[in-house]
$ cat upload_18.cif   # mmCIF, C-alpha atoms
data_input
loop_
_atom_site.label_atom_id
_atom_site.label_comp_id
_atom_site.auth_asym_id
_atom_site.auth_seq_id
_atom_site.Cartn_x
_atom_site.Cartn_y
_atom_site.Cartn_z
CA MET R 1 25.19 2.12 4.29
CA THR R 2 24.03 -1.44 4.69
CA ILE R 3 20.25 -1.56 4.31
CA LEU R 4 17.62 -4.20 5.04
CA ILE R 5 14.16 -4.21 3.41
CA LEU R 6 11.42 -6.26 5.10
CA GLY R 7 8.88 -7.86 2.76
CA SER R 8 8.50 -10.07 -0.30
CA GLY R 9 6.13 -8.37 -2.75
CA GLY R 10 6.23 -6.10 -5.77
CA ARG R 11 6.46 -3.10 -3.44
CA GLU R 12 9.67 -4.47 -1.87
CA HIS R 13 11.21 -5.33 -5.25
CA THR R 14 10.52 -1.72 -6.30
CA PHE R 15 12.16 -0.42 -3.10
CA ALA R 16 15.18 -2.66 -3.73
CA TRP R 17 15.39 -1.52 -7.39
CA LYS R 18 15.36 2.15 -6.30
CA ILE R 19 17.66 1.77 -3.27
CA ALA R 20 20.21 -0.24 -5.30
CA GLN R 21 20.61 2.82 -7.58
CA SER R 22 21.86 4.94 -4.67
CA PRO R 23 25.60 5.51 -4.23
CA LEU R 24 24.85 5.64 -0.48
CA CYS R 25 23.87 1.95 -0.47
CA LYS R 26 26.87 -0.34 0.05
CA SER R 27 25.00 -3.64 0.59
CA LEU R 28 21.34 -4.52 0.41
CA TYR R 29 19.43 -7.34 2.10
CA VAL R 30 15.76 -8.28 1.69
CA ALA R 31 13.89 -10.52 4.14
CA PRO R 32 12.39 -12.73 2.83
CA GLY R 33 12.47 -11.18 -0.68
CA ASN R 34 11.54 -12.83 -3.98
CA SER R 35 13.06 -13.79 -7.35
CA GLY R 36 13.29 -10.13 -8.38
CA THR R 37 15.09 -8.91 -5.26
CA ALA R 38 17.45 -11.92 -5.53
CA GLU R 39 18.96 -10.33 -8.67
CA ILE R 40 19.91 -7.02 -7.00
CA ALA R 41 20.17 -7.82 -3.29
CA GLN R 42 20.77 -10.72 -0.93
CA ASN R 43 17.59 -12.48 0.16
CA VAL R 44 17.43 -13.82 3.72
CA ASN R 45 14.74 -16.34 4.58
CA ILE R 46 13.29 -14.61 7.64
CA GLY R 47 9.62 -13.74 8.25
CA VAL R 48 8.74 -10.05 8.53
CA THR R 49 7.38 -10.46 12.08
CA ASP R 50 10.19 -12.67 13.41
CA PHE R 51 11.75 -9.77 15.34
CA LEU R 52 14.40 -11.86 17.12
CA ALA R 53 15.69 -13.32 13.85
CA ILE R 54 15.65 -9.81 12.34
CA LYS R 55 17.72 -8.58 15.31
CA THR R 56 20.30 -11.35 14.80
CA LEU R 57 20.55 -10.51 11.09
CA VAL R 58 20.87 -6.76 11.73
CA LEU R 59 23.70 -7.23 14.23
CA ASP R 60 25.42 -9.94 12.16
CA LYS R 61 25.43 -7.90 8.93
CA GLN R 62 25.96 -4.53 10.68
CA ILE R 63 22.83 -3.10 9.09
CA ASP R 64 22.39 0.70 9.38
CA MET R 65 18.81 1.11 8.20
CA VAL R 66 15.66 -1.02 8.07
CA VAL R 67 12.92 -0.16 5.55
CA VAL R 68 9.62 -1.80 6.48
CA GLY R 69 7.49 -2.73 3.45
CA PRO R 70 4.26 -4.34 4.75
CA GLU R 71 1.87 -3.31 7.53
CA ASP R 72 2.03 -6.40 9.78
CA PRO R 73 5.44 -5.74 11.38
CA LEU R 74 4.54 -2.05 11.89
CA VAL R 75 1.23 -2.85 13.59
CA GLN R 76 3.07 -5.45 15.70
CA GLY R 77 5.61 -2.82 16.78
CA VAL R 78 8.87 -3.53 14.93
CA HIS R 79 9.96 0.12 15.26
CA ASP R 80 9.37 0.04 19.03
CA PHE R 81 11.27 -3.27 19.23
CA PHE R 82 14.33 -1.49 17.80
CA LEU R 83 13.96 1.59 20.01
CA ASN R 84 13.61 -0.51 23.17
CA ASP R 85 16.73 -2.59 22.50
CA GLU R 86 20.13 -1.13 23.53
CA ALA R 87 21.90 -2.91 20.66
CA LEU R 88 19.41 -1.71 18.02
CA LYS R 89 18.15 1.72 19.06
CA HIS R 90 20.71 3.66 16.97
CA ILE R 91 19.50 1.98 13.75
CA SER R 92 17.17 3.94 11.45
CA VAL R 93 13.76 2.34 10.96
CA ILE R 94 11.57 3.69 8.16
CA GLY R 95 8.00 3.14 9.32
CA PRO R 96 5.86 4.51 12.20
CA GLN R 97 5.89 3.29 15.78
CA GLN R 98 3.14 0.94 16.95
CA ALA R 99 0.83 3.60 18.43
CA ALA R 100 0.76 5.46 15.08
CA ALA R 101 0.49 2.23 13.06
CA GLU R 102 -3.01 1.83 14.58
CA LEU R 103 -4.11 4.24 11.82
CA GLU R 104 -4.04 1.12 9.64
CA GLY R 105 -4.32 -1.50 12.40
CA SER R 106 -7.79 -0.31 13.45
CA LYS R 107 -10.44 1.25 11.21
CA GLU R 108 -12.18 2.63 14.33
CA PHE R 109 -8.95 4.26 15.57
CA ALA R 110 -8.49 5.89 12.14
CA LYS R 111 -12.09 7.15 12.08
CA GLU R 112 -11.77 8.65 15.58
CA PHE R 113 -8.49 10.32 14.54
CA MET R 114 -10.19 11.88 11.49
CA MET R 115 -13.16 13.11 13.53
CA ARG R 116 -10.85 14.60 16.18
CA HIS R 117 -8.82 16.54 13.61
CA ASN R 118 -11.72 17.53 11.30
CA ILE R 119 -10.45 15.50 8.37
CA PRO R 120 -13.26 14.92 5.83
CA THR R 121 -14.47 11.29 5.75
CA ALA R 122 -17.68 9.25 5.57
CA ALA R 123 -20.09 9.20 8.55
CA TYR R 124 -19.72 5.93 10.48
CA GLN R 125 -20.44 3.87 13.61
CA SER R 126 -18.65 0.79 14.95
CA PHE R 127 -20.14 -2.37 16.43
CA ASN R 128 -19.12 -5.66 18.06
CA ALA R 129 -20.83 -9.00 18.73
CA SER R 130 -22.60 -7.65 21.84
CA ASN R 131 -24.45 -4.88 19.98
CA VAL R 132 -25.02 -6.48 16.59
CA GLU R 133 -28.76 -5.57 16.82
CA GLU R 134 -27.79 -1.88 17.01
CA GLY R 135 -25.73 -2.49 13.88
CA TYR R 136 -28.83 -3.75 12.09
CA ALA R 137 -30.72 -0.62 13.20
CA PHE R 138 -27.87 1.65 11.97
CA LEU R 139 -27.90 -0.10 8.57
CA GLU R 140 -31.62 0.70 8.31
CA THR R 141 -30.84 4.44 8.62
CA LEU R 142 -28.47 4.36 5.61
CA ASN R 143 -29.16 4.33 1.89
CA PRO R 144 -27.60 1.51 -0.13
CA PRO R 145 -24.93 0.50 -0.95
CA TYR R 146 -23.80 -0.47 2.57
CA VAL R 147 -20.10 -0.43 3.50
CA LEU R 148 -18.88 -2.91 6.15
CA LYS R 149 -15.23 -2.81 7.22
CA ALA R 150 -13.47 -5.31 9.49
CA ASP R 151 -11.75 -3.18 12.13
CA GLY R 152 -8.42 -5.05 12.04
CA LEU R 153 -5.98 -6.18 9.34
CA ALA R 154 -7.61 -8.60 6.89
CA ALA R 155 -4.96 -8.55 4.13
CA GLY R 156 -6.93 -6.09 1.99
CA LYS R 157 -10.04 -8.30 1.95
CA GLY R 158 -11.97 -7.01 4.99
CA VAL R 159 -14.20 -4.48 3.21
CA LEU R 160 -17.64 -5.44 1.86
CA ILE R 161 -19.86 -3.18 -0.27
CA LEU R 162 -23.40 -4.57 -0.52
CA ASN R 163 -26.56 -3.31 -2.19
CA ASP R 164 -29.12 -5.39 -0.32
CA LEU R 165 -30.08 -4.51 3.27
CA ASN R 166 -30.80 -8.11 4.32
CA GLU R 167 -27.51 -9.28 2.82
CA ALA R 168 -25.71 -6.47 4.68
CA LYS R 169 -27.31 -7.60 7.97
CA ALA R 170 -26.37 -11.23 7.27
CA GLU R 171 -22.76 -10.27 6.48
CA LEU R 172 -22.56 -8.11 9.62
CA LYS R 173 -23.56 -11.15 11.69
CA ASN R 174 -21.14 -13.26 9.63
CA MET R 175 -18.28 -10.89 10.49
CA LEU R 176 -19.08 -10.20 14.15
CA VAL R 177 -20.65 -13.44 15.40
CA ASP R 178 -19.22 -16.05 13.02
CA ALA R 179 -15.75 -14.38 12.81
CA LYS R 180 -15.63 -14.32 8.99
CA PHE R 181 -12.26 -12.51 9.12
CA GLY R 182 -11.14 -13.99 12.46
CA ASN R 183 -10.03 -11.44 15.07
CA ALA R 184 -9.93 -8.72 12.40
CA SER R 185 -13.74 -8.58 12.38
CA SER R 186 -14.38 -8.78 16.14
CA LYS R 187 -15.29 -5.13 15.61
CA VAL R 188 -16.88 -3.80 12.41
CA VAL R 189 -17.14 -0.23 11.17
CA ILE R 190 -20.27 0.55 9.13
CA GLU R 191 -20.07 3.73 7.13
CA GLU R 192 -22.00 5.72 4.57
CA PHE R 193 -21.15 4.94 0.97
CA LEU R 194 -19.29 7.73 -0.82
CA ASP R 195 -19.99 7.95 -4.53
CA GLY R 196 -17.04 9.18 -6.54
CA ILE R 197 -13.72 8.20 -8.10
CA GLU R 198 -10.84 6.93 -5.96
CA LEU R 199 -7.18 7.87 -5.90
CA SER R 200 -4.25 7.53 -3.52
CA CYS R 201 -2.03 10.22 -2.08
CA PHE R 202 1.41 9.34 -0.65
CA VAL R 203 3.09 11.45 1.99
CA LEU R 204 6.57 11.16 3.48
CA THR R 205 6.98 12.49 7.00
CA ASP R 206 9.78 12.67 9.57
CA GLY R 207 7.19 13.38 12.29
CA LYS R 208 7.42 17.16 11.87
CA ASN R 209 7.87 17.92 8.17
CA TYR R 210 6.22 16.29 5.18
CA LYS R 211 6.67 15.90 1.43
CA ILE R 212 3.98 14.77 -1.00
CA LEU R 213 4.82 12.14 -3.62
CA PRO R 214 2.94 11.73 -6.93
CA THR R 215 -0.68 10.59 -6.78
CA ALA R 216 -1.68 7.20 -8.15
CA LYS R 217 -4.85 5.28 -8.81
CA ASP R 218 -5.06 1.54 -8.43
CA TYR R 219 -7.62 -1.00 -9.62
CA LYS R 220 -8.77 -3.30 -6.83
CA ARG R 221 -11.32 -5.59 -8.49
CA ILE R 222 -10.36 -8.82 -10.22
CA GLY R 223 -12.65 -8.29 -13.22
CA GLU R 224 -12.64 -5.81 -16.07
CA GLY R 225 -14.85 -2.76 -15.63
CA ASP R 226 -14.08 -2.95 -11.89
CA THR R 227 -16.24 -6.01 -11.29
CA GLY R 228 -15.85 -9.11 -9.16
CA LEU R 229 -13.95 -9.69 -5.95
CA ASN R 230 -11.57 -7.25 -4.29
CA THR R 231 -7.87 -8.06 -4.64
CA GLY R 232 -4.64 -6.53 -3.41
CA GLY R 233 -4.60 -4.49 -6.64
CA MET R 234 -4.59 -5.39 -10.37
CA GLY R 235 -2.74 -2.36 -11.74
CA ALA R 236 -2.07 1.34 -11.23
CA VAL R 237 -1.46 4.62 -13.03
CA SER R 238 0.42 7.79 -12.02
CA PRO R 239 -0.22 10.70 -12.17
CA VAL R 240 -4.01 10.69 -11.85
CA PRO R 241 -5.36 12.81 -14.74
CA PHE R 242 -8.33 14.23 -12.79
CA ALA R 243 -6.14 15.38 -9.87
CA THR R 244 -5.83 19.02 -11.01
CA PRO R 245 -3.52 21.48 -9.18
CA GLU R 246 -6.63 22.93 -7.51
CA PHE R 247 -7.79 19.51 -6.30
CA LEU R 248 -4.26 18.61 -5.09
CA SER R 249 -4.21 21.85 -3.12
CA LYS R 250 -7.49 20.83 -1.38
CA ILE R 251 -5.91 17.47 -0.49
CA GLU R 252 -2.88 19.19 1.03
CA GLU R 253 -4.82 21.83 3.00
CA ARG R 254 -7.77 19.73 4.20
CA ILE R 255 -6.16 16.32 4.62
CA VAL R 256 -2.34 16.17 4.56
CA LYS R 257 -1.65 19.15 6.85
CA PRO R 258 -4.24 18.20 9.52
CA THR R 259 -3.05 14.56 9.37
CA VAL R 260 0.61 15.42 10.05
CA ALA R 261 -0.39 18.02 12.68
CA GLY R 262 -2.80 15.50 14.25
CA LEU R 263 -0.03 12.91 14.60
CA GLN R 264 2.05 15.46 16.51
CA LYS R 265 -0.88 16.62 18.68
CA ASP R 266 -1.80 13.05 19.59
CA ASN R 267 1.85 12.19 20.23
CA LEU R 268 1.89 9.43 17.61
CA PRO R 269 5.57 9.09 16.53
CA TYR R 270 5.75 8.74 12.77
CA LYS R 271 8.73 8.35 10.45
CA GLY R 272 7.84 6.94 7.07
CA PHE R 273 5.09 6.80 4.46
CA ILE R 274 1.47 7.77 4.98
CA PHE R 275 -0.76 6.31 2.29
CA ILE R 276 -4.07 8.18 2.15
CA GLY R 277 -6.84 6.41 0.27
CA LEU R 278 -9.09 9.17 -1.07
CA ILE R 279 -12.32 9.55 -2.97
CA LYS R 280 -13.26 12.58 -5.06
CA VAL R 281 -16.91 13.35 -4.28
CA GLY R 282 -17.99 16.21 -6.55
CA ASP R 283 -14.92 18.46 -6.36
CA ASP R 284 -13.97 17.55 -2.80
CA PRO R 285 -11.55 14.95 -1.44
CA LYS R 286 -12.59 12.69 1.44
CA VAL R 287 -10.51 10.04 3.21
CA ILE R 288 -11.57 6.40 2.82
CA GLU R 289 -8.65 4.95 4.80
CA TYR R 290 -5.07 5.39 5.97
CA ASN R 291 -2.31 2.88 5.42
CA VAL R 292 0.98 3.26 7.25
CA ARG R 293 3.22 2.12 4.40
CA MET R 294 3.38 2.40 0.63
CA GLY R 295 0.63 0.79 -1.42
CA ASP R 296 1.04 -2.12 -3.76
CA PRO R 297 0.85 -1.88 -6.80
CA GLU R 298 1.03 1.93 -6.43
CA THR R 299 4.69 1.75 -5.32
CA GLU R 300 5.48 0.29 -8.74
CA VAL R 301 4.29 3.52 -10.45
CA VAL R 302 5.16 6.13 -7.81
CA LEU R 303 8.81 5.24 -7.06
CA PRO R 304 9.84 4.98 -10.74
CA ARG R 305 8.68 8.62 -11.11
CA LEU R 306 10.82 9.81 -8.18
CA LYS R 307 14.10 11.27 -9.44
CA ASN R 308 15.65 11.73 -5.98
CA ASP R 309 18.03 9.33 -4.27
CA LEU R 310 15.64 7.36 -2.03
CA VAL R 311 18.32 6.60 0.57
CA GLU R 312 19.02 10.33 0.94
CA ILE R 313 15.28 10.88 1.59
CA PHE R 314 15.23 8.06 4.16
CA GLN R 315 18.25 9.58 5.94
CA ALA R 316 16.42 12.93 6.09
CA ILE R 317 13.35 11.18 7.56
CA SER R 318 15.55 9.56 10.17
CA ASN R 319 17.30 12.85 11.07
CA GLU R 320 14.08 14.92 10.93
CA THR R 321 15.53 17.09 8.15
CA LEU R 322 12.97 16.25 5.45
CA HIS R 323 12.29 19.98 4.91
CA THR R 324 15.78 20.32 3.37
CA ILE R 325 14.95 17.92 0.50
CA ASP R 326 13.37 19.05 -2.77
CA ILE R 327 11.33 16.25 -4.27
CA GLU R 328 11.96 15.90 -8.03
CA ILE R 329 9.40 14.07 -10.15
CA ASP R 330 9.75 12.58 -13.63
CA GLU R 331 7.18 14.34 -15.83
CA ARG R 332 6.36 11.12 -17.65
CA ALA R 333 3.41 8.95 -16.68
CA ALA R 334 4.00 5.47 -15.28
CA THR R 335 1.58 2.55 -15.39
CA THR R 336 1.70 -1.01 -14.11
CA VAL R 337 -0.35 -4.10 -14.86
CA MET R 338 -0.42 -7.00 -12.39
CA LEU R 339 -0.17 -10.58 -13.63
CA VAL R 340 -1.95 -12.95 -11.25
CA SER R 341 -2.38 -16.69 -10.76
CA GLY R 342 -5.53 -18.24 -12.23
CA GLY R 343 -8.18 -18.44 -9.48
CA TYR R 344 -6.81 -15.50 -7.45
CA PRO R 345 -8.09 -13.93 -5.14
CA GLU R 346 -9.62 -17.31 -4.25
CA SER R 347 -7.68 -20.58 -4.38
CA TYR R 348 -4.87 -20.90 -6.94
CA GLU R 349 -1.90 -23.14 -7.65
CA LYS R 350 1.75 -22.21 -7.11
CA GLY R 351 5.02 -23.39 -8.66
CA LYS R 352 4.18 -22.50 -12.29
CA GLU R 353 7.29 -21.63 -14.34
CA ILE R 354 7.37 -18.03 -15.64
CA THR R 355 8.98 -17.64 -19.06
CA GLY R 356 9.81 -14.64 -21.26
CA ILE R 357 11.11 -12.29 -18.57
CA GLU R 358 14.40 -11.78 -20.44
CA ALA R 359 12.47 -10.71 -23.58
CA ILE R 360 10.98 -7.63 -21.88
CA THR R 361 12.18 -4.33 -23.35
CA ASP R 362 11.18 -0.79 -22.39
CA SER R 363 9.23 -1.99 -19.31
CA ILE R 364 10.32 -2.95 -15.79
CA PRO R 365 9.14 -6.31 -14.47
CA PHE R 366 8.70 -6.04 -10.69
CA HIS R 367 8.45 -9.52 -9.20
CA ALA R 368 5.83 -10.10 -6.48
CA GLY R 369 4.61 -13.66 -5.84
CA ALA R 370 7.58 -15.23 -7.61
CA THR R 371 10.57 -17.20 -6.39
CA VAL R 372 13.56 -19.15 -7.76
CA LYS R 373 13.31 -22.94 -7.72
CA ASP R 374 15.79 -25.23 -9.49
CA GLU R 375 17.22 -22.14 -11.25
CA LYS R 376 13.80 -21.28 -12.71
CA VAL R 377 11.52 -18.40 -11.76
CA VAL R 378 8.20 -19.88 -10.59
CA THR R 379 4.98 -18.48 -9.13
CA SER R 380 4.72 -18.42 -5.33
CA GLY R 381 1.68 -16.19 -4.73
CA GLY R 382 -1.54 -14.78 -6.12
CA ARG R 383 -0.16 -11.54 -7.49
CA VAL R 384 2.86 -12.72 -9.45
CA MET R 385 4.44 -9.81 -11.32
CA ALA R 386 3.84 -6.10 -12.04
CA ILE R 387 4.86 -4.81 -15.47
CA THR R 388 5.65 -1.08 -15.24
CA SER R 389 6.26 1.29 -18.17
CA TYR R 390 6.82 4.99 -18.75
CA GLY R 391 5.07 7.08 -21.41
CA ASN R 392 4.37 10.71 -22.29
CA THR R 393 0.74 9.87 -21.50
CA TYR R 394 -0.65 7.08 -19.36
CA GLN R 395 -2.21 5.59 -22.55
CA GLU R 396 1.23 5.32 -24.14
CA ALA R 397 2.69 3.79 -20.96
CA ILE R 398 -0.11 1.25 -20.60
CA LYS R 399 0.29 0.20 -24.25
CA LYS R 400 3.98 -0.62 -23.58
CA SER R 401 3.06 -2.69 -20.52
CA TYR R 402 0.52 -4.71 -22.52
CA GLN R 403 2.99 -5.22 -25.41
CA ASN R 404 5.53 -6.67 -22.99
CA ILE R 405 2.98 -8.83 -21.18
CA GLU R 406 2.48 -10.69 -24.48
CA LYS R 407 6.06 -11.96 -24.16
CA LEU R 408 5.40 -13.46 -20.71
CA HIS R 409 3.81 -16.78 -19.90
CA PHE R 410 2.90 -19.01 -16.99
CA ASP R 411 0.12 -21.56 -16.69
CA LYS R 412 -3.30 -19.93 -16.06
CA MET R 413 -1.81 -16.39 -16.12
CA TYR R 414 -4.50 -13.72 -15.82
CA TYR R 415 -4.45 -9.91 -16.00
CA ARG R 416 -6.93 -7.10 -16.55
CA LYS R 417 -6.86 -5.67 -20.07
CA ASP R 418 -8.58 -2.40 -19.10
CA ILE R 419 -6.28 -0.65 -16.59
CA GLY R 420 -6.91 3.11 -16.90
CA PHE R 421 -10.29 2.47 -18.59
CA ASP R 422 -12.19 4.94 -16.38
CA LEU R 423 -9.86 7.91 -16.88
#
$ encode --input "upload_18.cif" --output "structure tokens"
Amino acid sequence: MTILILGSGGREHTFAWKIAQSPLCKSLYVAPGNSGTAEIAQNVNIGVTDFLAIKTLVLDKQIDMVVVGPEDPLVQGVHDFFLNDEALKHISVIGPQQAAAELEGSKEFAKEFMMRHNIPTAAYQSFNASNVEEGYAFLETLNPPYVLKADGLAAGKGVLILNDLNEAKAELKNMLVDAKFGNASSKVVIEEFLDGIELSCFVLTDGKNYKILPTAKDYKRIGEGDTGLNTGGMGAVSPVPFATPEFLSKIEERIVKPTVAGLQKDNLPYKGFIFIGLIKVGDDPKVIEYNVRMGDPETEVVLPRLKNDLVEIFQAISNETLHTIDIEIDERAATTVMLVSGGYPESYEKGKEITGIEAITDSIPFHAGATVKDEKVVTSGGRVMAITSYGNTYQEAIKKSYQNIEKLHFDKMYYRKDIGFDL
């Protein structure tokens, strides 16, 4: 098969690394890709939401399957674009159709879906600029901290957790009236704060059947001890030590099964990954959010633990025969640590040369915000590279990642030295 991956981050490099291992993959393209994908696939400089350019590429290269990495093209309806085009409709697209992608595209849509299908989540209400006063009143009924979520896509930065009531009211106005996150915060969901420890569950579905991938836990805050601003993720571990078989069974019965059944009941066509952001409150799992694609940096620890041929799984998703596949998992733990540009998640400089990549042993460097310029690998984004390692325990794996990070350098490189600290 000839396969195209859409995206340019660490998640897409991990997909490319895994897909390239499959005997079923004849040629591999990544649009737009990065310096890591350039080594194992052919990068094509096309944006992930430029559907017409994607169509031209797909027809030109006779592509058989498109794997969608990020959320934007899914929420904008890339799968529907293929289905509605005579020349493209026979091509497999891994990722849900637009109606189902609203699970990530709108926090309110996701909350209503969970309420409808009795999926455990935090109590909530949603507001817009016309009823901001009611929002203030709702905040007064809650105990701190206060959780404010921009309804739309805000690149992982649209969630605020605040301890002060007046600050929460000011930020609500900031989001709704002053458009802090642009259109994404024209509607805001306010919900009760759930106190517990977070983890992520990844589900593959062909729309009827499902398979559960290993759990992972990522670290969202820029600072050690989970302090400072939210980022797209500073590292991850898999499996999650506190996710006991009993707890995993609760996740499957109370959350995964009703989610997949709910998609069918609501006629939301879904072929791809469901990322369920969970929190363990006491001994019970509750859903914080859905994403309609794999997480990043969780992909960098989940896919390396998958022993199966990923292309074979994608074919089964496409043919609705996922029930015939037995998922095989590497018993070892995997961990990843994200190297970021100095200043991230606020302003940072690009174009810094990255040295030492060739010295890495016993870890896998997944490139993210990195590109090739004048035959050198240079930084091109905030989250630059994810260093993934295996170990018999997550402590052993994390130690390997940190040992290899010492061989890497770019100007103002920053990383958290405490990934896994809370486990």
$ resolve_selection --input "upload_18.cif" --expression "the PyMOL selection byres ((chain R and resi 375) around 12)" --output "list in words"
Ser35, Ala38, Glu353, Ile354, Thr371, Val372, Lys373, Asp374, Lys376, Val377 and Val378 of chain R
$ closest_atom_pairs --input "upload_18.cif" --of "stretch 235-333 of chain R" --to "stretch 207-224 of chain R" --cutoff "9 Å" --atoms "only C-alpha atoms" --output "JSON lines"
{"residue": "R:Gly235", "atom": "CA", "partner": "R:Tyr219", "partner_atom": "CA", "distance": 5.5}
{"residue": "R:Ala236", "atom": "CA", "partner": "R:Asp218", "partner_atom": "CA", "distance": 4.1}
{"residue": "R:Val237", "atom": "CA", "partner": "R:Lys217", "partner_atom": "CA", "distance": 5.5}
{"residue": "R:Ser238", "atom": "CA", "partner": "R:Ala216", "partner_atom": "CA", "distance": 4.4}
{"residue": "R:Pro239", "atom": "CA", "partner": "R:Thr215", "partner_atom": "CA", "distance": 5.4}
{"residue": "R:Val240", "atom": "CA", "partner": "R:Ala216", "partner_atom": "CA", "distance": 5.6}
{"residue": "R:Ala243", "atom": "CA", "partner": "R:Thr215", "partner_atom": "CA", "distance": 7.9}
{"residue": "R:Leu248", "atom": "CA", "partner": "R:Thr215", "partner_atom": "CA", "distance": 8.9}
{"residue": "R:Glu252", "atom": "CA", "partner": "R:Ile212", "partner_atom": "CA", "distance": 8.4}
{"residue": "R:Val256", "atom": "CA", "partner": "R:Ile212", "partner_atom": "CA", "distance": 8.5}
{"residue": "R:Lys257", "atom": "CA", "partner": "R:Tyr210", "partner_atom": "CA", "distance": 8.5}
{"residue": "R:Val260", "atom": "CA", "partner": "R:Gly207", "partner_atom": "CA", "distance": 7.2}
{"residue": "R:Ala261", "atom": "CA", "partner": "R:Lys208", "partner_atom": "CA", "distance": 7.9}
{"residue": "R:Leu263", "atom": "CA", "partner": "R:Gly207", "partner_atom": "CA", "distance": 7.6}
{"residue": "R:Gln264", "atom": "CA", "partner": "R:Gly207", "partner_atom": "CA", "distance": 7.0}
{"residue": "R:Leu268", "atom": "CA", "partner": "R:Gly207", "partner_atom": "CA", "distance": 8.5}
{"residue": "R:Pro269", "atom": "CA", "partner": "R:Gly207", "partner_atom": "CA", "distance": 6.2}
{"residue": "R:Tyr270", "atom": "CA", "partner": "R:Gly207", "partner_atom": "CA", "distance": 4.9}
{"residue": "R:Lys271", "atom": "CA", "partner": "R:Gly207", "partner_atom": "CA", "distance": 5.6}
{"residue": "R:Gly272", "atom": "CA", "partner": "R:Gly207", "partner_atom": "CA", "distance": 8.3}
{"residue": "R:Asp296", "atom": "CA", "partner": "R:Asp218", "partner_atom": "CA", "distance": 8.5}
{"residue": "R:Pro297", "atom": "CA", "partner": "R:Asp218", "partner_atom": "CA", "distance": 7.0}
{"residue": "R:Glu298", "atom": "CA", "partner": "R:Ala216", "partner_atom": "CA", "distance": 6.2}
{"residue": "R:Thr299", "atom": "CA", "partner": "R:Ala216", "partner_atom": "CA", "distance": 8.8}
{"residue": "R:Val301", "atom": "CA", "partner": "R:Ala216", "partner_atom": "CA", "distance": 7.4}
{"residue": "R:Val302", "atom": "CA", "partner": "R:Pro214", "partner_atom": "CA", "distance": 6.1}
{"residue": "R:Leu303", "atom": "CA", "partner": "R:Leu213", "partner_atom": "CA", "distance": 8.7}
{"residue": "R:Arg305", "atom": "CA", "partner": "R:Pro214", "partner_atom": "CA", "distance": 7.8}
{"residue": "R:Leu306", "atom": "CA", "partner": "R:Leu213", "partner_atom": "CA", "distance": 7.9}
{"residue": "R:Ile317", "atom": "CA", "partner": "R:Gly207", "partner_atom": "CA", "distance": 8.1}
{"residue": "R:Glu320", "atom": "CA", "partner": "R:Lys208", "partner_atom": "CA", "distance": 7.1}
{"residue": "R:Thr321", "atom": "CA", "partner": "R:Asn209", "partner_atom": "CA", "distance": 7.7}
{"residue": "R:Leu322", "atom": "CA", "partner": "R:Asn209", "partner_atom": "CA", "distance": 6.0}
{"residue": "R:His323", "atom": "CA", "partner": "R:Asn209", "partner_atom": "CA", "distance": 5.9}
{"residue": "R:Ile325", "atom": "CA", "partner": "R:Lys211", "partner_atom": "CA", "distance": 8.6}
{"residue": "R:Asp326", "atom": "CA", "partner": "R:Lys211", "partner_atom": "CA", "distance": 8.5}
{"residue": "R:Ile327", "atom": "CA", "partner": "R:Lys211", "partner_atom": "CA", "distance": 7.4}
{"residue": "R:Ile329", "atom": "CA", "partner": "R:Pro214", "partner_atom": "CA", "distance": 7.6}
$ closest_atom_pairs --input "upload_18.cif" --of "stretch 71-141 of chain R" --to "stretch 7-29 of chain R" --cutoff "10 Å" --atoms "all atoms listed in the file" --output "CSV"
residue,atom,partner,partner_atom,distance
R:Glu71,CA,R:Gly7,CA,9.6
R:Asp72,CA,R:Gly7,CA,9.9
R:Pro73,CA,R:Gly7,CA,9.5
$ resolve_selection --input "upload_18.cif" --expression "the PyMOL selection byres ((chain R and resi 113) around 12)" --output "PyMOL selection string"
chain R and resi 100+102-104+106-112+114-121+255+258-268+287+289-290
$ resolve_selection --input "upload_18.cif" --expression "the PyMOL selection byres ((chain R and resi 92) around 12)" --output "VMD selection string"
chain R and resid 1 to 5 58 63 to 68 78 to 80 82 to 83 88 to 91 93 to 96 206 271 to 272 311 314 to 320
$ closest_residue --input "upload_18.cif" --among "R:Gly369, R:Gly295, R:Gly228, R:Gly47" --to "R:Asn34" --atoms "all atoms listed in the file"
R:Gly369
$ atom_distance --input "upload_18.cif" --atom1 "atom CA of R:Asp151" --atom2 "atom CA of R:Phe275"
17.5 Å
$ atom_distance --input "upload_18.cif" --atom1 "atom CA of R:Cys201" --atom2 "atom CA of R:Ile276"
5.1 Å
$ residues_around --input "upload_18.cif" --residues "R:Thr361" --least-positions-apart "6" --cutoff "10 Å" --atoms "all atoms listed in the file" --output "PyMOL selection string"
chain R and resi 389+400-401+403-404+407
$ closest_residue --input "upload_18.cif" --among "R:Asn392, R:Thr379, R:Ser200, R:Ser186" --to "R:Lys352" --atoms "all atoms listed in the file"
R:Thr379
$ atom_distance --input "upload_18.cif" --atom1 "atom CA of R:Thr227" --atom2 "atom CA of R:Asn143"
21.2 Å
$ closest_residue --input "upload_18.cif" --among "R:Gly105, R:Pro285, R:Pro345, R:Gly232" --to "R:Ser185" --atoms "all atoms listed in the file"
R:Gly105
$ residues_around --input "upload_18.cif" --residues "stretch 133-136 of chain R" --least-positions-apart "2" --cutoff "9 Å" --atoms "all atoms listed in the file" --output "list in words"
Gln125, Ser126, Phe127, Asn128, Ala129, Ser130, Asn131, Phe138, Leu139, Glu140, Leu165, Ala168, Lys169, Leu172 and Ile190 of chain R
$ closest_residue --input "upload_18.cif" --among "R:Asp50, R:Asp60, R:Glu300, R:Glu198" --to "R:Ala386" --atoms "only C-alpha atoms"
R:Glu300
